[in-house]
Amino acid sequence: NPMYELFDEISAIMLEYDVTYSLGDGLRPGCLADASDEAQFAELDVLGELVVRARAAGVQVMVEGPGHVPFDQIEMNVKRQQEVCDGAPFYVLGPIVSDVFPGYDHITSTIGATAAAYAGASFLCYVTPSEHLALPTPEDVKAGCIAYKIAAHAADVARGIPGARDWDDRMSDARANFEWEKQFQLAFDSDTARDIRSRDLDTDVDYCSMCGHDWCAMRINKELKDRTDHFSEPGLVTSVNQSKTEDPPKT
């Protein structure tokens, strides 16, 4: 294999043109039955050696990871890569956590991608609904990219990345205040959110069609809060307190 035999010479070219290695894993698991087997980890050991050689040559390097892994093995795979490859950024394809949902592998893989990112993976390679079936359409690509944006953002929030949850908190405030236009602006896919909303209701009413007007928890809570705020007005509080200190009327 010339990539192995001439690795040092290739590294010199990579350094000259400031190119980063992405070390592929040709023995990555292609189904759950292959996950975490001897071949996969033997190759990982070789990748770890190549990471050391690349860095010694002054070349940046990242390592590609598995594509099909049972959920309970994902964290172990990420931690093992970090140890064997001396913390080199890990780039994972999913991983897909079940093999029996063709047409929905953007979902099966997003579950694995979230777990991998939370465990320490640095890059996520998106998967589309067409995986294992056909070449993806533009709509498939959009669905896959959005699914993986969800995975990456969820992991960032869970890991406490500074500022990651600010976006969610702004959305929560907009929802509590029925600021629909602001919600659409904050939504990752504004057009889809606006589309779904417009199917049932205008965008300026103080409820959604899930619970309807009468049972909207946020609307009811806001009304109760407004009433409570009314009773806490300074003049009203003084009046109430005075009535409590006055002698009760004699009978």
# chains A, B, ... in the order shown; residues from 1 in each chain; ligands from 1
$ residues_around --residues "region 3-20 of chain A" --least-positions-apart "4" --cutoff "7 Å" --atoms "only C-alpha atoms" --output "list in words"
Ala54, Ala57, Gly58, Val59, Gln60 and Val61 of chain A
$ select_by_dssp --residues "region 42-83 of chain A" --states "strand (DSSP E or B)" --output "list in words"
Val61, Met62, Val63, Glu64 and His68 of chain A
$ closest_atom_pairs --of "region 93-125 of chain A" --to "region 142-146 of chain A" --cutoff "9 Å" --atoms "only C-alpha atoms" --output "tab-separated table"
residue	atom	partner	partner_atom	distance
A:Asp105	CA	A:Gly144	CA	8.9
A:His106	CA	A:Gly144	CA	5.4
A:Ile107	CA	A:Gly144	CA	8.4
A:Thr110	CA	A:Gly144	CA	8.7
$ write_last_selection --atoms "N, CA and C atoms" --output "PDB file, in the first residue's frame"
ATOM      1  N   ASP A 105     -32.431   6.297   8.129  1.00  0.00           N
ATOM      2  CA  ASP A 105     -31.100   6.240   8.728  1.00  0.00           C
ATOM      3  C   ASP A 105     -30.553   7.614   9.098  1.00  0.00           C
ATOM      4  N   HIS A 106     -31.199   8.692   8.634  1.00  0.00           N
ATOM      5  CA  HIS A 106     -30.816  10.004   9.156  1.00  0.00           C
ATOM      6  C   HIS A 106     -31.233  10.122  10.620  1.00  0.00           C
ATOM      7  N   ILE A 107     -32.225   9.312  11.028  1.00  0.00           N
ATOM      8  CA  ILE A 107     -32.666   9.307  12.427  1.00  0.00           C
ATOM      9  C   ILE A 107     -31.858   8.309  13.245  1.00  0.00           C
ATOM     10  N   THR A 110     -28.540   9.814  13.759  1.00  0.00           N
ATOM     11  CA  THR A 110     -28.521  11.008  14.602  1.00  0.00           C
ATOM     12  C   THR A 110     -28.493  10.630  16.078  1.00  0.00           C
TER      13      THR A 110
END
$ residues_around --residues "region 85-91 of chain A" --least-positions-apart "6" --cutoff "8 Å" --atoms "only C-alpha atoms" --output "NGL selection string"
:A and (44-45 or 47-49 or 51-52 or 61-65 or 78 or 120-125)
$ residues_around --residues "Ala155 (chain A)" --least-positions-apart "5" --cutoff "9 Å" --atoms "only C-alpha atoms" --output "number ranges by chain"
A: 113-119, 150, 160-161
$ atom_distance --atom1 "CA of Ala147 (chain A)" --atom2 "CA of Gly112 (chain A)"
11.5 Å
$ atom_distance --atom1 "CA of Trp215 (chain A)" --atom2 "CA of Ser198 (chain A)"
19.8 Å
$ atom_distance --atom1 "CA of Ser190 (chain A)" --atom2 "CA of Ala174 (chain A)"
14.1 Å
$ residues_around --residues "Pro102 (chain A)" --least-positions-apart "4" --cutoff "9 Å" --atoms "only C-alpha atoms" --output "JSON, numbers by chain"
{"A": [129, 130, 131, 132, 133]}
$ closest_residue --among "A:Asn1, A:Thr137, A:Phe184, A:Gly30" --to "Arg170 (chain A)" --atoms "only C-alpha atoms"
A:Phe184
$ select_by_dssp --residues "region 1-137 of chain A" --states "helix (DSSP H, G or I)" --output "PyMOL selection string"
chain A and resi 2-5+7-16+32-34+38-56+71-84+105-119
$ write_last_selection --atoms "C-alpha atoms" --output "tab-separated table (two decimals), in the first residue's frame"
chain	number	residue	atom	x	y	z
A	2	PRO	CA	1.75	3.19	-1.16
A	3	MET	CA	-0.10	5.24	1.44
A	4	TYR	CA	1.65	3.25	4.17
A	5	GLU	CA	4.99	2.73	2.42
A	7	PHE	CA	3.63	7.94	4.45
A	8	ASP	CA	6.60	10.09	5.47
A	9	GLU	CA	7.10	11.38	1.92
A	10	ILE	CA	3.38	12.14	1.66
A	11	SER	CA	3.55	13.94	5.02
A	12	ALA	CA	6.27	16.22	3.66
A	13	ILE	CA	3.95	17.20	0.78
A	14	MET	CA	1.03	17.69	3.20
A	15	LEU	CA	3.19	20.00	5.32
A	16	GLU	CA	4.38	22.01	2.32
A	32	LEU	CA	-23.96	-3.90	14.16
A	33	ALA	CA	-22.49	-7.42	14.00
A	34	ASP	CA	-19.11	-5.96	12.95
A	38	GLU	CA	-10.74	-7.33	16.41
A	39	ALA	CA	-10.22	-6.01	12.88
A	40	GLN	CA	-11.68	-2.60	13.70
A	41	PHE	CA	-9.49	-2.12	16.75
A	42	ALA	CA	-6.37	-3.51	15.04
A	43	GLU	CA	-6.78	-0.84	12.39
A	44	LEU	CA	-7.36	1.79	15.08
A	45	ASP	CA	-3.96	0.89	16.56
A	46	VAL	CA	-2.36	1.50	13.16
A	47	LEU	CA	-4.18	4.83	12.87
A	48	GLY	CA	-2.81	5.77	16.28
A	49	GLU	CA	0.73	5.10	15.00
A	50	LEU	CA	0.07	7.23	11.92
A	51	VAL	CA	-1.19	10.09	14.10
A	52	VAL	CA	2.16	10.11	15.92
A	53	ARG	CA	4.11	10.08	12.65
A	54	ALA	CA	1.97	12.83	11.11
A	55	ARG	CA	2.41	15.09	14.12
A	56	ALA	CA	6.14	14.40	14.19
A	71	PHE	CA	-25.79	2.50	21.40
A	72	ASP	CA	-24.16	0.97	24.49
A	73	GLN	CA	-20.77	0.70	22.73
A	74	ILE	CA	-20.53	4.25	21.39
A	75	GLU	CA	-18.91	5.91	24.40
A	76	MET	CA	-16.36	3.10	24.68
A	77	ASN	CA	-15.44	3.50	21.00
A	78	VAL	CA	-14.93	7.25	21.36
A	79	LYS	CA	-12.87	6.93	24.54
A	80	ARG	CA	-10.73	4.18	23.01
A	81	GLN	CA	-10.01	6.30	19.93
A	82	GLN	CA	-9.04	9.27	22.10
A	83	GLU	CA	-6.62	7.12	24.06
A	84	VAL	CA	-5.09	5.22	21.12
A	105	ASP	CA	-31.10	6.24	8.73
A	106	HIS	CA	-30.82	10.00	9.16
A	107	ILE	CA	-32.67	9.31	12.43
A	108	THR	CA	-30.95	6.06	13.49
A	109	SER	CA	-27.59	7.73	12.91
A	110	THR	CA	-28.52	11.01	14.60
A	111	ILE	CA	-29.16	9.07	17.81
A	112	GLY	CA	-25.64	7.65	17.61
A	113	ALA	CA	-24.13	10.97	16.54
A	114	THR	CA	-25.57	12.72	19.60
A	115	ALA	CA	-24.09	10.06	21.88
A	116	ALA	CA	-20.72	10.19	20.10
A	117	ALA	CA	-20.54	13.98	20.22
A	118	TYR	CA	-21.44	13.98	23.90
A	119	ALA	CA	-18.70	11.39	24.53
